[in-house]
Structure formats: C-alpha cells, structure tokens
>>> print(open('coords-v2.txt').read())   # compact mmCIF, C-alpha atoms
# COMPACT_ATOMS: atom_id res chain seq x y z
CA MET A 643 125.58 90.13 85.48
CA ILE A 644 122.18 89.57 87.05
CA ILE A 645 121.47 90.87 90.56
CA GLY A 646 118.92 88.53 92.14
CA GLY A 647 118.32 84.83 91.72
CA GLY A 648 114.56 84.73 92.22
CA ASN A 649 111.92 84.18 89.55
CA ALA A 650 113.02 87.24 87.55
CA GLY A 651 116.76 86.59 87.76
CA LEU A 652 116.81 82.90 86.94
CA SER A 653 114.15 82.99 84.23
CA VAL A 654 115.83 85.90 82.41
CA ALA A 655 119.18 84.12 82.79
CA GLY A 656 117.67 81.06 81.16
CA ARG A 657 116.25 83.10 78.31
CA LEU A 658 119.56 84.91 77.74
CA ARG A 659 121.37 81.58 77.63
CA ARG A 660 118.89 80.34 75.03
CA GLU A 661 119.60 83.51 73.04
CA GLY A 662 123.19 82.26 72.77
CA ILE A 663 124.67 84.59 75.39
CA ASP A 664 127.34 83.05 77.60
CA ASP A 665 129.40 84.35 80.54
CA ILE A 666 126.30 85.05 82.63
CA VAL A 667 126.66 85.57 86.39
CA VAL A 668 123.79 85.55 88.88
CA VAL A 669 124.41 87.16 92.28
CA GLU A 670 122.10 85.66 94.91
CA PRO A 671 122.79 85.12 98.64
CA ARG A 672 120.08 82.58 99.51
CA GLU A 673 120.73 78.86 99.55
CA HIS A 674 117.11 77.99 98.79
CA HIS A 675 114.84 79.23 96.05
CA LEU A 676 111.22 79.93 96.99
CA TYR A 677 108.11 79.71 94.81
CA GLN A 678 106.10 82.48 96.41
CA PRO A 679 102.70 81.96 94.70
CA LEU A 680 102.33 78.80 96.80
CA PHE A 681 102.63 80.80 100.03
CA SER A 682 98.92 81.67 99.81
CA HIS A 683 98.02 78.00 99.46
CA ILE A 684 100.29 77.16 102.39
CA ALA A 685 98.65 79.83 104.56
CA GLY A 686 95.21 78.66 103.47
CA GLY A 687 95.96 75.01 104.17
CA THR A 688 95.89 73.69 100.60
CA ALA A 689 99.64 73.07 100.12
CA ARG A 690 102.62 71.85 102.16
CA ALA A 691 105.53 74.22 102.79
CA GLY A 692 108.05 71.83 101.28
CA LEU A 693 106.49 72.23 97.84
CA ALA A 694 107.55 75.88 97.70
CA MET A 695 111.29 75.41 98.27
CA ARG A 696 114.23 73.91 96.37
CA PRO A 697 118.04 74.31 96.59
CA GLN A 698 119.23 77.36 94.66
CA ALA A 699 121.97 75.32 92.99
CA ALA A 700 119.41 72.83 91.69
CA VAL A 701 117.25 75.45 89.95
CA THR A 702 120.00 77.68 88.50
CA PRO A 703 119.99 77.10 84.71
CA ARG A 704 122.89 75.20 83.19
CA GLY A 705 125.73 77.34 81.97
CA ILE A 706 125.00 80.11 84.50
CA ARG A 707 127.57 80.93 87.17
CA TRP A 708 126.05 81.50 90.62
CA VAL A 709 127.86 83.87 92.99
CA GLN A 710 126.44 83.25 96.45
CA ASP A 711 126.72 86.76 97.85
CA ARG A 712 124.55 89.83 98.20
CA ALA A 713 124.83 93.10 96.33
CA THR A 714 125.34 96.15 98.54
CA ASP A 715 126.01 98.88 95.96
CA ILE A 716 125.90 99.48 92.21
CA ARG A 717 128.24 101.99 90.59
CA PRO A 718 127.06 102.46 87.01
CA ASP A 719 129.68 105.12 86.33
CA CYS A 720 132.38 102.43 86.53
CA ASP A 721 130.27 99.36 85.64
CA SER A 722 130.80 97.64 88.99
CA VAL A 723 128.83 95.98 91.77
CA GLN A 724 129.95 95.88 95.40
CA LEU A 725 129.19 92.68 97.30
CA GLY A 726 128.60 92.02 100.97
CA SER A 727 131.80 90.00 101.17
CA GLY A 728 133.79 93.08 100.15
CA ARG A 729 134.40 91.87 96.59
CA THR A 730 133.86 94.11 93.59
CA LEU A 731 132.58 92.60 90.35
CA ARG A 732 132.59 94.34 86.99
CA TYR A 733 130.02 93.90 84.26
CA ASP A 734 129.42 94.69 80.60
CA GLN A 735 125.63 94.51 80.91
CA LEU A 736 123.74 94.56 84.21
CA VAL A 737 120.24 93.23 84.94
CA VAL A 738 118.82 94.38 88.28
CA CYS A 739 116.06 92.26 89.83
CA PRO A 740 116.66 91.79 93.59
CA GLY A 741 112.95 91.75 94.39
CA ILE A 742 111.06 93.96 96.80
CA GLN A 743 111.60 94.84 100.45
CA LYS A 744 108.93 94.13 103.03
CA ASP A 745 108.80 97.11 105.39
CA TRP A 746 107.49 95.42 108.54
CA ASN A 747 108.68 98.28 110.74
CA SER A 748 106.86 100.98 108.78
CA VAL A 749 103.61 100.26 110.67
CA PRO A 750 104.03 100.75 114.44
CA GLY A 751 103.71 97.42 116.22
CA LEU A 752 103.39 95.27 113.09
CA ALA A 753 106.73 93.48 113.45
CA ALA A 754 105.96 92.71 117.10
CA ALA A 755 102.54 91.39 116.09
CA MET A 756 104.11 88.99 113.59
CA ALA A 757 106.37 87.67 116.37
CA SER A 758 103.39 87.21 118.70
CA PRO A 759 101.23 84.05 118.84
CA ALA A 760 98.32 85.67 116.97
CA GLY A 761 100.10 87.29 114.00
CA ALA A 762 100.77 85.73 110.59
CA SER A 763 101.20 86.53 106.90
CA ASN A 764 101.38 84.76 103.55
CA PHE A 765 104.32 86.97 102.47
CA GLU A 766 106.99 85.04 104.41
CA LEU A 767 107.26 81.26 104.33
CA ASP A 768 107.51 80.76 108.10
CA LEU A 769 104.59 83.13 108.68
CA ALA A 770 102.53 81.33 106.04
CA VAL A 771 103.07 78.04 107.88
CA LYS A 772 102.02 79.81 111.07
CA ALA A 773 98.93 81.26 109.34
CA SER A 774 97.85 77.78 108.26
CA ARG A 775 97.86 76.57 111.85
CA LEU A 776 96.14 79.66 113.26
CA LEU A 777 93.36 79.70 110.65
CA ARG A 778 92.84 75.93 110.81
CA ASP A 779 92.45 75.85 114.59
CA LEU A 780 90.20 78.90 114.97
CA ARG A 781 86.59 78.14 115.89
CA ARG A 782 85.28 81.56 116.97
CA GLY A 783 86.47 85.16 117.25
CA THR A 784 87.66 87.92 114.93
CA VAL A 785 90.19 87.63 112.12
CA VAL A 786 91.55 90.78 110.47
CA PHE A 787 93.15 90.55 107.01
CA THR A 788 95.02 93.60 105.69
CA GLN A 789 96.32 94.62 102.27
CA PRO A 790 98.92 97.43 102.03
CA ALA A 791 98.68 100.66 100.10
CA GLY A 792 101.23 101.55 97.46
CA PRO A 793 103.26 99.21 95.28
CA ALA A 794 103.44 95.64 96.53
CA SER A 795 104.28 92.28 95.04
CA CYS A 796 100.92 90.78 94.03
CA ALA A 797 99.06 92.87 96.61
CA GLY A 798 95.84 90.99 95.89
CA ALA A 799 97.45 87.85 97.33
CA ALA A 800 96.57 89.29 100.75
CA GLN A 801 92.98 88.16 100.09
CA LYS A 802 93.69 84.58 99.02
CA PRO A 803 94.18 82.89 102.43
CA MET A 804 91.06 84.67 103.65
CA TYR A 805 88.86 83.01 101.01
CA LEU A 806 90.50 79.62 101.59
CA ALA A 807 89.98 79.93 105.35
CA CYS A 808 86.35 81.02 104.98
CA ASP A 809 85.59 78.06 102.74
CA TYR A 810 87.17 75.75 105.33
CA TRP A 811 85.25 77.33 108.22
CA ARG A 812 82.02 77.04 106.23
CA THR A 813 82.72 73.36 105.56
CA ILE A 814 83.22 72.53 109.25
CA GLY A 815 80.25 74.69 110.30
CA VAL A 816 81.94 77.50 112.27
CA LEU A 817 81.94 80.39 109.77
CA ALA A 818 78.93 82.01 111.45
CA ASP A 819 80.92 82.23 114.70
CA ILE A 820 83.90 84.02 113.12
CA ARG A 821 83.96 87.71 112.26
CA VAL A 822 86.15 88.22 109.18
CA VAL A 823 87.32 91.77 108.41
CA LEU A 824 89.20 92.74 105.24
CA VAL A 825 91.06 96.06 105.26
CA LEU A 826 91.71 97.45 101.76
CA PRO A 827 93.34 100.74 100.72
CA ASP A 828 91.39 100.99 97.46
CA PRO A 829 87.80 102.07 96.64
CA THR A 830 86.96 98.61 95.25
CA LEU A 831 88.09 95.04 95.87
CA PHE A 832 90.41 95.00 92.85
CA GLY A 833 89.76 97.74 90.32
CA ILE A 834 88.42 95.85 87.29
CA PRO A 835 84.59 95.68 87.19
CA LEU A 836 84.44 92.07 86.02
CA ILE A 837 86.82 90.92 88.79
CA ASP A 838 85.13 93.13 91.40
CA GLU A 839 81.78 91.52 90.52
CA GLU A 840 83.16 88.01 91.10
CA LEU A 841 84.89 88.95 94.36
CA GLU A 842 81.89 90.88 95.69
CA ARG A 843 79.72 87.80 95.23
CA THR A 844 82.26 85.70 97.13
CA ILE A 845 82.53 88.32 99.89
CA ALA A 846 78.76 88.27 100.31
CA GLU A 847 78.62 84.46 100.42
CA TYR A 848 81.18 84.33 103.24
CA GLY A 849 79.77 87.34 105.12
CA ILE A 850 83.10 89.19 105.12
CA GLU A 851 83.17 92.80 106.36
CA VAL A 852 85.16 95.01 103.98
CA LYS A 853 86.75 98.28 105.09
CA LEU A 854 87.47 100.10 101.83
CA GLN A 855 89.92 103.02 101.52
CA SER A 856 91.46 101.98 104.82
CA GLU A 857 94.95 100.97 105.87
CA LEU A 858 96.58 99.31 108.84
CA LEU A 859 97.91 102.25 110.89
CA GLU A 860 98.96 100.75 114.24
CA VAL A 861 99.07 97.37 115.99
CA ASP A 862 99.12 96.57 119.72
CA ALA A 863 100.24 92.95 119.86
CA ASP A 864 99.78 92.64 123.64
CA ALA A 865 96.19 93.93 123.51
CA ARG A 866 95.52 92.17 120.19
CA SER A 867 94.08 95.31 118.64
CA VAL A 868 94.67 97.34 115.51
CA VAL A 869 93.95 100.87 114.36
CA ILE A 870 92.77 101.13 110.76
CA GLY A 871 91.71 104.13 108.69
CA ARG A 872 92.91 106.78 106.28
CA ALA A 873 96.64 107.39 105.98
CA ASP A 874 96.12 111.07 106.77
CA GLY A 875 94.48 110.17 110.11
CA SER A 876 91.11 111.68 109.16
CA VAL A 877 89.35 108.36 109.82
CA ARG A 878 90.45 105.97 112.57
CA GLU A 879 88.81 102.81 113.87
CA HIS A 880 89.93 100.37 116.57
CA LEU A 881 89.43 96.64 116.07
CA ALA A 882 90.18 93.79 118.46
CA TYR A 883 91.40 90.57 116.84
CA ASP A 884 92.02 86.95 117.67
CA VAL A 885 94.14 86.47 114.55
CA LEU A 886 95.84 89.18 112.48
CA HIS A 887 96.87 88.24 108.95
CA ALA A 888 98.82 91.22 107.60
CA VAL A 889 100.78 92.08 104.47
CA PRO A 890 103.36 94.82 105.07
CA PRO A 891 103.99 97.97 103.01
CA GLN A 892 106.76 97.42 100.48
CA SER A 893 109.49 99.33 98.66
CA ALA A 894 112.78 98.77 96.86
CA PRO A 895 115.64 97.36 98.99
CA ASP A 896 117.32 100.08 101.05
CA TRP A 897 120.73 99.49 99.45
CA LEU A 898 119.19 99.92 95.98
CA LYS A 899 117.52 103.19 96.97
CA ALA A 900 120.98 104.62 97.75
CA THR A 901 122.37 103.90 94.26
CA PRO A 902 122.09 106.24 91.24
CA LEU A 903 119.63 103.85 89.52
CA PRO A 904 116.26 105.11 90.88
CA ALA A 905 114.79 108.31 89.51
CA PRO A 906 115.78 111.23 91.77
CA THR A 907 112.10 111.96 92.45
CA ASP A 908 111.17 108.35 93.36
CA SER A 909 111.34 107.97 97.13
CA ARG A 910 110.40 104.30 96.81
CA GLY A 911 113.75 103.57 95.14
CA PHE A 912 112.67 101.47 92.14
CA VAL A 913 115.06 101.29 89.17
CA GLU A 914 114.26 103.87 86.51
CA VAL A 915 113.62 102.07 83.22
CA ASP A 916 111.70 102.52 80.01
CA PRO A 917 108.55 100.55 80.97
CA GLU A 918 108.35 98.93 77.52
CA THR A 919 111.99 98.06 76.75
CA LEU A 920 113.07 97.62 80.42
CA ARG A 921 116.32 99.44 79.66
CA HIS A 922 117.55 102.12 82.07
CA THR A 923 116.77 105.62 80.87
CA ARG A 924 120.19 107.05 81.84
CA PHE A 925 122.58 104.08 81.85
CA PRO A 926 122.20 102.13 78.58
CA ASN A 927 123.98 98.98 79.81
CA VAL A 928 121.68 98.63 82.83
CA TRP A 929 118.33 96.83 82.71
CA ALA A 930 115.72 95.99 85.34
CA LEU A 931 112.59 93.90 85.67
CA GLY A 932 110.32 92.43 88.30
CA ASP A 933 109.35 94.03 91.59
CA ALA A 934 112.42 96.32 91.76
CA ALA A 935 111.76 97.98 88.39
CA ALA A 936 109.81 101.23 88.05
CA THR A 937 107.37 99.86 85.50
CA ARG A 938 103.71 100.84 85.28
CA ASN A 939 102.27 97.35 85.70
CA SER A 940 100.89 95.78 88.85
CA LYS A 941 103.83 93.92 90.38
CA SER A 942 103.39 90.15 90.22
CA GLY A 943 105.18 86.96 89.36
CA GLY A 944 102.79 86.56 86.46
CA ALA A 945 104.13 89.75 84.86
CA LEU A 946 107.62 88.31 84.67
CA ARG A 947 107.00 85.81 81.89
CA LYS A 948 106.50 88.59 79.35
CA GLN A 949 109.05 90.91 80.97
CA THR A 950 111.82 88.31 80.77
CA LEU A 951 111.04 87.66 77.11
CA ALA A 952 111.16 91.37 76.23
CA LEU A 953 114.35 92.02 78.20
CA ALA A 954 116.20 88.98 76.84
CA LYS A 955 115.31 89.84 73.24
CA ASN A 956 116.31 93.48 73.69
CA LEU A 957 119.58 92.79 75.49
CA SER A 958 120.49 90.22 72.85
CA ALA A 959 119.71 92.76 70.13
CA VAL A 960 122.02 95.32 71.74
CA LEU A 961 124.87 92.81 71.98
CA ASN A 962 124.41 92.04 68.29
CA GLY A 963 124.31 95.70 67.24
CA LYS A 964 120.64 95.63 66.34
CA PRO A 965 117.74 97.90 67.38
CA LEU A 966 115.56 96.96 70.34
CA ALA A 967 113.19 94.30 69.11
CA LYS A 968 110.56 93.68 71.79
CA ARG A 969 108.09 95.65 73.87
CA TYR A 970 106.58 94.70 77.23
CA THR A 971 102.86 95.45 77.13
CA GLY A 972 102.28 95.90 80.87
CA TYR A 973 100.63 92.50 81.28
CA SER A 974 100.05 91.19 84.80
CA VAL A 975 97.95 88.45 86.37
CA CYS A 976 96.48 87.70 89.78
CA PRO A 977 94.72 84.36 90.41
CA PHE A 978 92.27 84.77 93.32
CA THR A 979 91.67 81.46 95.11
CA VAL A 980 88.08 82.20 96.14
CA SER A 981 87.41 78.70 97.47
CA ARG A 982 89.30 75.48 98.07
CA GLY A 983 88.53 74.37 94.54
CA THR A 984 87.93 77.46 92.36
CA VAL A 985 89.89 80.49 91.16
CA VAL A 986 89.04 83.89 89.65
CA PHE A 987 91.84 84.52 87.13
CA ALA A 988 92.50 88.25 86.65
CA GLU A 989 94.63 89.16 83.60
CA PHE A 990 95.11 92.86 82.89
CA ASP A 991 97.46 95.53 81.56
CA ASP A 992 99.09 98.53 83.25
CA SER A 993 95.89 100.59 82.96
CA TYR A 994 93.81 97.82 84.58
CA GLN A 995 92.10 96.89 81.34
CA PRO A 996 91.50 93.15 80.76
CA GLN A 997 94.31 91.54 78.76
CA PRO A 998 93.32 87.86 78.48
CA THR A 999 95.88 85.33 77.31
CA ILE A 1000 93.23 83.97 74.94
CA PRO A 1001 92.37 87.09 72.91
CA PHE A 1002 88.85 88.52 73.31
CA TRP A 1003 87.82 85.82 75.82
CA THR A 1004 87.46 87.01 79.41
CA GLY A 1005 85.91 83.75 80.55
CA LEU A 1006 88.88 82.86 82.75
CA ALA A 1007 87.97 85.85 84.92
CA ARG A 1008 84.88 83.96 86.09
CA GLU A 1009 85.14 81.61 89.05
CA ARG A 1010 86.21 78.24 87.67
CA ARG A 1011 87.50 74.85 88.76
CA LEU A 1012 89.76 74.74 85.70
CA THR A 1013 91.81 77.73 86.83
CA TRP A 1014 92.17 76.18 90.31
CA VAL A 1015 93.78 73.10 88.75
CA PHE A 1016 96.07 75.36 86.71
CA ASP A 1017 97.04 77.61 89.65
CA ARG A 1018 97.53 74.90 92.27
CA HIS A 1019 98.86 71.96 90.27
CA ILE A 1020 99.99 72.82 86.74
CA LEU A 1021 101.67 76.19 87.28
CA PRO A 1022 104.07 74.99 90.02
CA TRP A 1023 105.31 72.23 87.68
CA VAL A 1024 105.67 74.75 84.84
CA TYR A 1025 107.58 77.09 87.17
CA TRP A 1026 110.18 74.56 88.35
CA ASN A 1027 110.62 72.81 84.98
CA LEU A 1028 110.08 75.48 82.32
CA ILE A 1029 109.93 79.08 83.60
CA LEU A 1030 113.16 79.01 85.60
CA LYS A 1031 114.93 77.49 82.60
CA GLY A 1032 113.77 80.27 80.28
CA ARG A 1033 111.47 77.95 78.35
CA ALA A 1034 108.08 79.48 79.18
>>> encode(input="coords-v2.txt", output="structure tokens")
Amino acid sequence: MIIGGGNAGLSVAGRLRREGIDDIVVVEPREHHLYQPLFSHIAGGTARAGLAMRPQAAVTPRGIRWVQDRATDIRPDCDSVQLGSGRTLRYDQLVVCPGIQKDWNSVPGLAAAMASPAGASNFELDLAVKASRLLRDLRRGTVVFTQPAGPASCAGAAQKPMYLACDYWRTIGVLADIRVVLVLPDPTLFGIPLIDEELERTIAEYGIEVKLQSELLEVDADARSVVIGRADGSVREHLAYDVLHAVPPQSAPDWLKATPLPAPTDSRGFVEVDPETLRHTRFPNVWALGDAAATRNSKSGGALRKQTLALAKNLSAVLNGKPLAKRYTGYSVCPFTVSRGTVVFAEFDDSYQPQPTIPFWTGLARERRLTWVFDRHILPWVYWNLILKGRA
C-alpha cells in the first residue's frame, strides 16, 4: 500500500510494478495530478497552468489500483490504515509519501494576505496563476519575495518567479521603477559557493535587495505591509509592499504527526527512516520517501528519482528474502530559472556538496541556455511519460 499519489507515490508504484510486484494499492484523494516544478514557470509567466495538471486516473501506472480516499491514521501495530471515508485497509508493506503540509496560518496574517488582491505564491496552482497576473501587470512599486526557514519542498523555488519577473520587467523597461526585496532565512543565497556565485551575479544585475538571515514574521494584508527579521524577535523591520509573493513554512501533515511513525523527538512529524535505505527504523514493513520522510537531503522533486529507485530495490529484496540492495546517496537538485531563457542547475548531496549527474563536471551549475531547455521543455515530458511510470 502506498499513501500518496503524487510524484513519489506514483513513480515508486511504477518501479515496484517493474520489479514484478503486484497487488499494489495507491491511496490518493485528488482527482487531478499536479506537476509542481512548473508552478514557478506559471508564476513567472513562462508556462500555462494547463500544462501542470492531468487526471489522476490517466497518470496512475497500469496494474496499480487507485483508492480515491485520504489517509487519516496509520496503525503500524496492526498493519492498518484508516481512511477518511471510515474504511480500514490492511497492508503487508506500507510506503508513506503523502507530501508536505503548507502551514499558511503559522505566520500571522499570511493566509489573509494570500486571499487579498496583492498576495500570491508559486506553491499553490491557483496562487501561481494569480502571481503571473500580478507580476506581469506591475509597472512600479515594491515586490517582496519570501523563502521560509526550516524544511520545505524545494525551498529555493521561492526565488524562481522573482528572477523571471525581473527579466520581464527589464525587457519592457520598468525594472528601475520596481523595488524587489528577497527575504531569506539563510546566511547565503543557497549554501554552495559555486551556486551562490552565480546567483549573486544575477541578483546584482537585477538590483535585488536581499535580506539575509531574515524571515517573514507578520503580514498586514489591509495595510499591505510585512514585518521581517530574526525568528527570536531580536531584529525586526517593517516593509510596505505592492505585491507579496510568499512561500509558507512547511511540516508533515497534521494527521501523520499524530501517528507512531515520526521520531518522538521530531516536532515536525516526518516519518522516521534510515536515510539510506528509506526503511522505518522501528517498523520494518513501513517505508517512506519524499517530502514526508525524515531524510537528510534537501527536499525536492529531483531527489525522488534516486529515492524511488533505492526504495523499490530494497522493498523487492525484502519480499524475496534478500538483504537490502540499494542505498540513497542524499542527492537533490534545484534548477534556478535566473532569466527567461537560462537556468543555474544545482545538484548536491545531503551535506550540500556538489553531486553532478555527470561525474566530476560541475559545468551545469553555470548559467546556461541548455539547462533552460531541459527544465522547461524536456523534463515535463520525461515526468509525464517516464518518471510516473517508473521508467526514469
């Protein structure tokens, strides 16, 4: 049984099916499957919303049974999952990958700001469509972009619509009339010197103000103002905005936090697993991957390709009475769309050391047109036709 029919759930289901495993069930409530990496392009005006969505039934791999329901509880002591409909399903092996929860209400006023005319985000499809319109129509004023502290799904994606918008404003000749402020919780733009160097150059070209080691603390949607600063309140600064593009703090889904699967000391509620084998450390027939797993890597869709391979190989080995055969290396990737035609492609491991797909060549980390073509045009095709079927 697989909890979650997103990228992690469907791609690992496809890989398990290719390993010869049958009787696979995916529990997923949504009718439509979303390709979230395109949300940044939608917000930045370089992709249409329709390209990021397909019917869930159409993308579920052949031979996989889809249960359209939501999990509400997991009881590993009796190998069962409680569903929102009231049904109870039992499993032999369980894979937990329901994704991550966006905690809009954890920042005072943030949810209200997103519902207001001037608030948007590339982390929800409807808000990404809204962001595209707001950023496209702006001709002067202040735009504040925020990135959350703590674990988040591809946190660096918060910066992508900003670069796309700045390139557009520069093209139409209004960039000098727009104050762009980026609020980051970290001491550098990303954390890898080679990537920081590329992004710093782009930041300087666009004239973006960067507030390092700062977080979004409060929002007043009516006054169109934010308070940013240190989480401990030692530094606070008020900013007025014309557009607020925010990414919320994130954690494991509330229902998952209440199960026995997270480590007792993990208040964020992520599933406790061996970060290399992706097997639960206390319940041997439970596995987890993706944003809901307590792995060491930076959470991203790009990490899933190698996670799904490791998990499928290991689960198959267990079912065949063999030792665990595969290790996940902590690989993750974040493509930064720094203009409307170039990308900085960051590949790294769980200690933020470069881990290029082509060994010993870090050239993809430089701003390139080639990686734009890959990120915007090739990867979506690969996702719909290969990744979700367990073929890539």
>>> atom_distance(input="coords-v2.txt", atom1="atom CA of A:Ala794", atom2="atom CA of A:Gly646")
17.6 Å
>>> atom_distance(input="coords-v2.txt", atom1="atom CA of A:Asp884", atom2="atom CA of A:Ser856")
19.8 Å
>>> closest_residue(input="coords-v2.txt", among="A:Val869, A:Ala936, A:Leu658, A:Leu898", to="A:Ser958", atoms="all atoms listed in the file")
A:Leu658
>>> residues_around(input="coords-v2.txt", residues="stretch 756-769 of chain A", least_positions_apart="6", cutoff="10 Å", atoms="all atoms listed in the file", output="PyMOL selection string")
chain A and resi 676-686+691-692+694-695+744+746+775-777+785-788+795-797+799-803+863-864+866+883-890
>>> residues_around(input="coords-v2.txt", residues="A:Leu881", least_positions_apart="6", cutoff="8 Å", atoms="only C-alpha atoms", output="short mmCIF file (atom, residue, chain, number, x, y, z; two decimals) with C-alpha atoms, in the coordinates of the input")
data_model
loop_
_atom_site.label_atom_id
_atom_site.label_comp_id
_atom_site.auth_asym_id
_atom_site.auth_seq_id
_atom_site.Cartn_x
_atom_site.Cartn_y
_atom_site.Cartn_z
CA SER A 867 94.08 95.31 118.64
CA VAL A 868 94.67 97.34 115.51
CA VAL A 869 93.95 100.87 114.36
CA ILE A 870 92.77 101.13 110.76
#
>>> residues_around(input="coords-v2.txt", residues="stretch 1010-1019 of chain A", least_positions_apart="2", cutoff="6 Å", atoms="only C-alpha atoms", output="JSON list (two decimals) with C-alpha atoms, in the frame of the given file")
[["chain", "number", "residue", "atom", "x", "y", "z"],
["A", 983, "GLY", "CA", 88.53, 74.37, 94.54],
["A", 984, "THR", "CA", 87.93, 77.46, 92.36],
["A", 985, "VAL", "CA", 89.89, 80.49, 91.16],
["A", 1021, "LEU", "CA", 101.67, 76.19, 87.28]]
>>> closest_residue(input="coords-v2.txt", among="A:Gln855, A:Asn1027, A:Ser653, A:Thr937", to="A:Arg878", atoms="only C-alpha atoms")
A:Gln855
>>> closest_residue(input="coords-v2.txt", among="A:Ser993, A:Pro697, A:Val960, A:His675", to="A:Arg938", atoms="all atoms listed in the file")
A:Ser993
